[in-house]
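Worksheet for the structure shown next.
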Amino acid sequence: MAAMLIYDNIYLEHDTGPHPENQQRLISTCEHLKTTGMWNQLLIKKPRKASEEELLLVHTARHCEIVKTASLRGGGYLDPDTVVSKKSYEAALFAAGGVLTAIDSIVKKDSVNAFCMVRPPGHHATSDRAMGFCLFNNAAIGARYAQKKHGMDKIAIFDWDVHHGNGTQDIFYEDPSVLYFSIHRFPFYPGSGETDETGAGKGKGFTINKPFYYGTTRDDMLKKTSGVLTKQFREFKPDLIIISAGFDGYKNDPVGGMGLEIEDYKKMTRMAVEAANECCEGRMVSTLEGGYDLHGLPLCIEAHLKSMNEV
Ligand SMILES: [Zn+2]
């Protein structure tokens with residue numbers, strides 16, 4: 001069964017101006033996927049819009065209002081890195097909605113897995129704050145939605161963006177029903193993600209951080225990643241795996257850069273696919289986070305999709 005690709009040109013309307021997280025990321029990737037013929041091998045689907053109620057699954061009403069108002073007034077900066085334009089709120093609703101569309105499609109068995117090629121990204125957004133280019137936490141909203149709407153008990157999130165997904169970790173820190181696993185460069189933005197951050201209360205043990213320091217080899221990174229996916233993920237037995245797929249760990253990335261090669265994204269996808277096959281009949285939804293090298297990003301995404309397609 002072909003992998004599903006969720007995409008709509010509405011994602012180009014989130015106008016960030018001269019900013020690494022800009023429209024060209026998706027324009028270049030679409031062009032590349034079409035030129036290589038990859039586009040035709042996928043099940044292409046348009047996202048729906050998330051409702052305001054669905055944003056409230058993980059965000060405070062105040063946060064939603066701040067983003068909406070700033071955007072509808074014409075835009076501005078929500079934090080030193082995070083800018084919105086007039087259409088950003090609309091694009092953000094479709095970004096979160098893209099993940100929800102993917103989850104609904106997988107439950108209906110239209111496809112076994114899906115990649116949501118969305119922007120703005122989400123994993124830095126906390127319940128009450130936009131930060132690090134992120135407005136709403138697409139992956140977290142998806143996890144809660146899968147539980148509430150489709151009665152899935154346990155969701156595992158694998159975040160391989162080069163930055164730690166502080167927002168996602170924060171939202172589920174005391175929740176044993178969502179396993180959050182992140183690999184990331186450290187010390188690095190946003191500063192969180194040390195090994196001893198493992199959850200709290202009932203959620204103790206359900207947050208796993210693998211920070212990688214300067215000089216860590218790719219082999220070591222892949223080995224540690226594979227260890228968690230084969231042990232903790234299989235023990236947890238999720239009903240769905242969500243990937244926060246940032247490609248800014250790629251060696252040429254101007255923002256992150258952790259020395260990763262294109263084939264490493266293929267390998268990590270494979271590991272996630274295998275865990276999903278074993279735990280949840282292959283159900284996996286991946287959503288785009290970072291990745292700012294306009295030449296490398298399309299190649300990394302192509303590798304990711306190829307690996308998802310080989311189920
Ligand atoms: Zn990132």
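Each chain of the structure tokens is named A, B, ... in the order shown, its residues numbered from 1; ligands are numbered from 1 in display order.
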
Residues of range 36-144 of chain A at most 9 Å from range 23-32 of chain A: nearest atom pair and distance in Å, only C-alpha atoms, as CSV:
```
residue,atom,partner,partner_atom,distance
A:Thr36,CA,A:His32,CA,6.1
A:Gly37,CA,A:His32,CA,8.5
A:Met38,CA,A:His32,CA,8.4
A:Trp39,CA,A:Cys30,CA,7.9
A:Met117,CA,A:Leu26,CA,7.5
A:Val118,CA,A:Leu26,CA,8.1
A:Arg119,CA,A:Gln23,CA,8.3
```

**OP:** Could you give me the residues within 12 Å of ligand 1, counting only C-alpha atoms and all ligand atoms, as a ChimeraX atom specification?
**Re:** /A:20-21,120-124,131-134,159-166,182-185,188-190,244-250,253-258,288-293

Saved selection, atoms kept: N, CA and C atoms, as a compact mmCIF listing (two decimals), in the first residue's frame:
```txt
# COMPACT_ATOMS: atom_id res chain seq x y z
N PRO A 20 14.74 31.34 7.89
CA PRO A 20 15.08 29.98 7.42
C PRO A 20 13.86 29.09 7.23
N GLU A 21 12.82 29.31 8.04
CA GLU A 21 11.61 28.48 7.92
C GLU A 21 10.66 29.21 6.96
N PRO A 120 3.26 25.94 9.38
CA PRO A 120 4.37 25.96 10.35
C PRO A 120 4.55 24.63 11.09
N PRO A 121 5.81 24.39 11.54
CA PRO A 121 6.10 23.20 12.33
C PRO A 121 5.51 23.32 13.74
N GLY A 122 5.73 22.29 14.59
CA GLY A 122 5.00 22.33 15.86
C GLY A 122 5.72 21.98 17.15
N HIS A 123 6.83 21.24 17.11
CA HIS A 123 7.27 20.58 18.35
C HIS A 123 7.82 21.48 19.45
N HIS A 124 8.09 22.76 19.15
CA HIS A 124 8.51 23.67 20.23
C HIS A 124 7.32 24.35 20.91
N MET A 131 6.82 29.25 20.08
CA MET A 131 8.26 29.53 20.10
C MET A 131 8.98 28.70 19.04
N GLY A 132 10.22 29.10 18.72
CA GLY A 132 11.04 28.32 17.81
C GLY A 132 10.38 27.98 16.49
N PHE A 133 9.77 28.96 15.84
CA PHE A 133 9.10 28.84 14.53
C PHE A 133 7.75 28.09 14.63
N CYS A 134 7.36 27.65 15.83
CA CYS A 134 6.17 26.79 15.98
C CYS A 134 5.00 27.54 16.61
N ASP A 159 10.81 11.81 17.96
CA ASP A 159 11.16 13.15 17.49
C ASP A 159 12.65 13.17 17.11
N TRP A 160 12.91 13.18 15.80
CA TRP A 160 14.33 13.15 15.39
C TRP A 160 14.81 14.50 14.85
N ASP A 161 14.03 15.54 15.04
CA ASP A 161 14.51 16.89 14.70
C ASP A 161 15.80 17.15 15.49
N VAL A 162 16.68 17.97 14.94
CA VAL A 162 17.97 18.21 15.61
C VAL A 162 17.80 18.97 16.93
N HIS A 163 16.65 19.64 17.06
CA HIS A 163 16.35 20.36 18.31
C HIS A 163 15.46 19.51 19.21
N HIS A 164 15.59 19.71 20.48
CA HIS A 164 14.72 18.99 21.40
C HIS A 164 13.29 19.54 21.31
N GLY A 165 12.32 18.65 21.27
CA GLY A 165 10.91 19.06 21.18
C GLY A 165 10.36 19.37 22.56
N ASN A 166 10.80 20.49 23.09
CA ASN A 166 10.42 20.87 24.45
C ASN A 166 8.92 20.96 24.64
N SER A 182 13.06 11.58 22.13
CA SER A 182 13.73 12.56 21.29
C SER A 182 15.23 12.30 21.19
N ILE A 183 15.74 12.42 19.96
CA ILE A 183 17.19 12.50 19.78
C ILE A 183 17.46 13.94 19.31
N HIS A 184 18.52 14.52 19.78
CA HIS A 184 18.79 15.93 19.45
C HIS A 184 20.21 16.31 19.79
N ARG A 185 20.64 17.38 19.15
CA ARG A 185 21.95 17.93 19.45
C ARG A 185 21.88 18.61 20.83
N PHE A 188 22.08 22.79 22.98
CA PHE A 188 21.59 23.45 21.77
C PHE A 188 20.20 24.02 22.09
N TYR A 189 19.67 24.83 21.18
CA TYR A 189 18.31 25.35 21.36
C TYR A 189 17.34 24.18 21.49
N PRO A 190 16.36 24.18 22.35
CA PRO A 190 15.96 25.24 23.28
C PRO A 190 16.56 25.08 24.68
N SER A 244 7.97 13.15 14.73
CA SER A 244 8.24 14.58 14.52
C SER A 244 9.49 14.60 13.66
N ALA A 245 9.24 14.71 12.34
CA ALA A 245 10.34 14.53 11.39
C ALA A 245 10.95 15.88 11.00
N GLY A 246 11.99 16.23 11.70
CA GLY A 246 12.76 17.42 11.32
C GLY A 246 14.01 16.92 10.63
N PHE A 247 14.40 17.60 9.57
CA PHE A 247 15.57 17.15 8.81
C PHE A 247 16.74 18.12 8.97
N ASP A 248 16.74 18.83 10.09
CA ASP A 248 17.80 19.81 10.32
C ASP A 248 19.04 19.21 10.99
N GLY A 249 19.03 17.89 11.17
CA GLY A 249 20.25 17.22 11.62
C GLY A 249 21.13 16.84 10.44
N TYR A 250 20.61 17.09 9.24
CA TYR A 250 21.36 16.79 8.01
C TYR A 250 22.66 17.58 7.98
N ASP A 253 22.80 21.29 6.91
CA ASP A 253 21.74 22.19 7.36
C ASP A 253 22.34 23.46 7.97
N PRO A 254 21.84 24.62 7.55
CA PRO A 254 22.41 25.88 8.06
C PRO A 254 22.00 26.22 9.48
N VAL A 255 20.94 25.60 9.99
CA VAL A 255 20.47 25.91 11.34
C VAL A 255 20.96 24.88 12.34
N GLY A 256 20.82 23.61 11.99
CA GLY A 256 21.16 22.53 12.93
C GLY A 256 22.46 21.87 12.57
N GLY A 257 22.35 20.84 11.74
CA GLY A 257 23.56 20.16 11.28
C GLY A 257 24.16 19.29 12.36
N MET A 258 23.87 18.00 12.31
CA MET A 258 24.42 17.07 13.30
C MET A 258 25.21 16.00 12.55
N LEU A 288 6.21 16.97 9.36
CA LEU A 288 7.43 17.76 9.14
C LEU A 288 7.64 18.78 10.26
N GLU A 289 8.85 18.81 10.77
CA GLU A 289 9.23 19.86 11.72
C GLU A 289 10.26 20.75 11.02
N GLY A 290 11.57 20.66 11.39
CA GLY A 290 12.57 21.52 10.76
C GLY A 290 13.20 20.89 9.53
N GLY A 291 14.30 21.54 9.09
CA GLY A 291 14.98 21.11 7.85
C GLY A 291 15.08 22.32 6.94
N TYR A 292 16.27 22.93 6.86
CA TYR A 292 16.38 24.25 6.24
C TYR A 292 17.36 24.32 5.08
N ASP A 293 17.98 23.21 4.75
CA ASP A 293 18.88 23.21 3.60
C ASP A 293 18.02 22.93 2.36
```

**OP:** If you run DSSP over the backbone, which residues in range 51-274 of chain A end up alpha helix (DSSP H)? Put them as an MDAnalysis selection string.
**Re:** chainID A and resid 52:55 61:72 88:107 138:150 166:171 218:230 232:236 262:274

Subject >> CA of Arg48 in chain A to CA of Gly97 in chain A, distance in Å rounded to a single decimal >> reply: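 Separation between CA of Arg48 in chain A and CA of Gly97 in chain A: 5.1 Å.
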
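Excluding Arg218 in chain A and any residue on its chain fewer than 3 positions from it, the residues at most 10 Å away by only C-alpha atoms are Phe212, Gly215, Met221, Leu222, Lys223, Lys224, Met258, Gly259, Leu260, Glu261 and Asp264 of chain A.
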
Original post:
Could you name the residues that touch Gly227 in chain A at 12 Å or less, counting only C-alpha atoms, but leaving out those on the same chain fewer than 5 positions away, as an MDAnalysis selection string?
Top reply: chainID A and resid 181 208 210 220:222 232:235 268 271:272 275

**OP:** Considering only C-alpha atoms, return as a list in words whatever protein or nucleic-acid residues lie within 9 Å of Met4 in chain A, sequence-local ones (same chain, fewer than 5 positions apart) excluded.
**Re:**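 Residues near the query, excluding close chain neighbours: Leu42, Leu43, Ile44, Lys45, Ala102, Ser105, Asp110, Ser111, Val112, Asn113, Ala114, Phe115, Cys116, Leu305 and Asn309 of chain A.
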
Residues of range 124-211 of chain A at most 10 Å from range 63-72 of chain A: nearest atom pair and distance in Å, only C-alpha atoms, as CSV:
```
residue,atom,partner,partner_atom,distance
A:Ala125,CA,A:His63,CA,9.9
A:Thr126,CA,A:His63,CA,9.2
A:Ser127,CA,A:His63,CA,7.4
A:Asp128,CA,A:His63,CA,4.9
A:Arg129,CA,A:His63,CA,6.1
A:Ala130,CA,A:His63,CA,7.8
A:Leu135,CA,A:Val67,CA,7.1
A:Phe136,CA,A:Cys64,CA,8.2
```

Atoms kept (N, CA and C atoms) for selection, written as a short mmCIF file (atom, residue, chain, number, x, y, z; two decimals), in the first residue's frame:
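Full text of again-v1.cif as output:
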```
data_model
loop_
_atom_site.label_atom_id
_atom_site.label_comp_id
_atom_site.auth_asym_id
_atom_site.auth_seq_id
_atom_site.Cartn_x
_atom_site.Cartn_y
_atom_site.Cartn_z
N ALA A 125 6.16 24.32 20.27
CA ALA A 125 5.00 25.01 20.85
C ALA A 125 4.53 24.27 22.10
N THR A 126 4.47 24.99 23.22
CA THR A 126 3.97 24.40 24.47
C THR A 126 2.46 24.65 24.54
N SER A 127 1.84 24.23 25.61
CA SER A 127 0.39 24.41 25.69
C SER A 127 0.01 25.88 25.65
N ASP A 128 0.90 26.75 26.15
CA ASP A 128 0.50 28.16 26.20
C ASP A 128 1.47 29.13 25.54
N ARG A 129 2.32 28.61 24.66
CA ARG A 129 3.32 29.52 24.09
C ARG A 129 3.81 29.09 22.70
N ALA A 130 3.89 30.05 21.78
CA ALA A 130 4.51 29.81 20.48
C ALA A 130 5.99 30.09 20.64
N LEU A 135 3.81 27.35 16.04
CA LEU A 135 2.62 28.01 16.56
C LEU A 135 1.77 27.05 17.38
N PHE A 136 1.32 25.97 16.74
CA PHE A 136 0.55 24.93 17.45
C PHE A 136 1.31 23.61 17.32
#
```

Original post:
Which one of A:Pro47, A:Pro298, A:Gly75, A:Gly167 sits closest to Ala95 in chain A if you count only C-alpha atoms?
Top reply: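 Of A:Pro47, A:Pro298, A:Gly75, A:Gly167, the one nearest Ala95 in chain A is A:Pro47, counting only C-alpha atoms.
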
**OP:** Could you give me, as an NGL selection string, the residues within 12 Å of Ile103 in chain A, counting only C-alpha atoms and dropping anything in the same chain fewer than 5 positions from it?
**Re:** :A and (4 or 6 or 47-48 or 96-98 or 108-116 or 138-139 or 141-152 or 155 or 239-242 or 283-287)

Selection from above, C-alpha atoms, as a PDB file, in the first residue's frame, can you write it?
```
ATOM      1  CA  MET A   4       0.044   8.928   1.958  1.00  0.00           C
ATOM      2  CA  ILE A   6      -0.718  15.222   3.006  1.00  0.00           C
ATOM      3  CA  PRO A  47      -5.613  18.295   4.698  1.00  0.00           C
ATOM      4  CA  ARG A  48      -8.696  19.484   6.486  1.00  0.00           C
ATOM      5  CA  ALA A  96      -2.601  20.619  12.680  1.00  0.00           C
ATOM      6  CA  GLY A  97      -5.518  19.464  10.524  1.00  0.00           C
ATOM      7  CA  GLY A  98      -3.095  17.683   8.211  1.00  0.00           C
ATOM      8  CA  LYS A 108     -10.083   4.035   7.664  1.00  0.00           C
ATOM      9  CA  LYS A 109      -7.201   2.009   6.207  1.00  0.00           C
ATOM     10  CA  ASP A 110      -6.836   4.241   3.146  1.00  0.00           C
ATOM     11  CA  SER A 111      -3.130   3.888   3.830  1.00  0.00           C
ATOM     12  CA  VAL A 112      -1.019   2.337   6.556  1.00  0.00           C
ATOM     13  CA  ASN A 113       1.224   5.377   7.043  1.00  0.00           C
ATOM     14  CA  ALA A 114       1.347   9.046   6.097  1.00  0.00           C
ATOM     15  CA  PHE A 115       3.721  11.988   5.891  1.00  0.00           C
ATOM     16  CA  CYS A 116       2.265  15.424   6.556  1.00  0.00           C
ATOM     17  CA  ASN A 138       0.795  19.442  15.403  1.00  0.00           C
ATOM     18  CA  ALA A 139       2.188  16.128  16.693  1.00  0.00           C
ATOM     19  CA  ILE A 141      -2.671  17.582  18.878  1.00  0.00           C
ATOM     20  CA  GLY A 142      -2.550  14.451  16.704  1.00  0.00           C
ATOM     21  CA  ALA A 143      -1.684  12.214  19.653  1.00  0.00           C
ATOM     22  CA  ARG A 144      -4.540  13.540  21.787  1.00  0.00           C
ATOM     23  CA  TYR A 145      -6.950  13.377  18.854  1.00  0.00           C
ATOM     24  CA  ALA A 146      -6.091   9.727  18.169  1.00  0.00           C
ATOM     25  CA  GLN A 147      -6.881   8.966  21.800  1.00  0.00           C
ATOM     26  CA  LYS A 148     -10.073  11.015  22.089  1.00  0.00           C
ATOM     27  CA  LYS A 149     -11.571  10.489  18.644  1.00  0.00           C
ATOM     28  CA  HIS A 150     -10.425   6.983  17.824  1.00  0.00           C
ATOM     29  CA  GLY A 151     -10.060   5.462  21.275  1.00  0.00           C
ATOM     30  CA  MET A 152      -6.387   4.620  20.888  1.00  0.00           C
ATOM     31  CA  ILE A 155       0.761   6.819  21.408  1.00  0.00           C
ATOM     32  CA  ASP A 239      -1.468   1.941  19.041  1.00  0.00           C
ATOM     33  CA  LEU A 240       0.101   4.565  16.778  1.00  0.00           C
ATOM     34  CA  ILE A 241       3.580   5.967  16.186  1.00  0.00           C
ATOM     35  CA  ILE A 242       3.927   9.660  15.389  1.00  0.00           C
ATOM     36  CA  ARG A 283       0.159   2.631  11.791  1.00  0.00           C
ATOM     37  CA  MET A 284       2.492   5.607  11.599  1.00  0.00           C
ATOM     38  CA  VAL A 285       2.005   9.321  10.968  1.00  0.00           C
ATOM     39  CA  SER A 286       5.011  11.509  10.325  1.00  0.00           C
ATOM     40  CA  THR A 287       4.857  15.271  10.393  1.00  0.00           C
TER      41      THR A 287
END
```

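Using only C-alpha atoms for every distance, the candidate list A:Lys49, A:His14, A:His59, A:Lys154 yields A:His59 as the residue closest to Thr168 in chain A.
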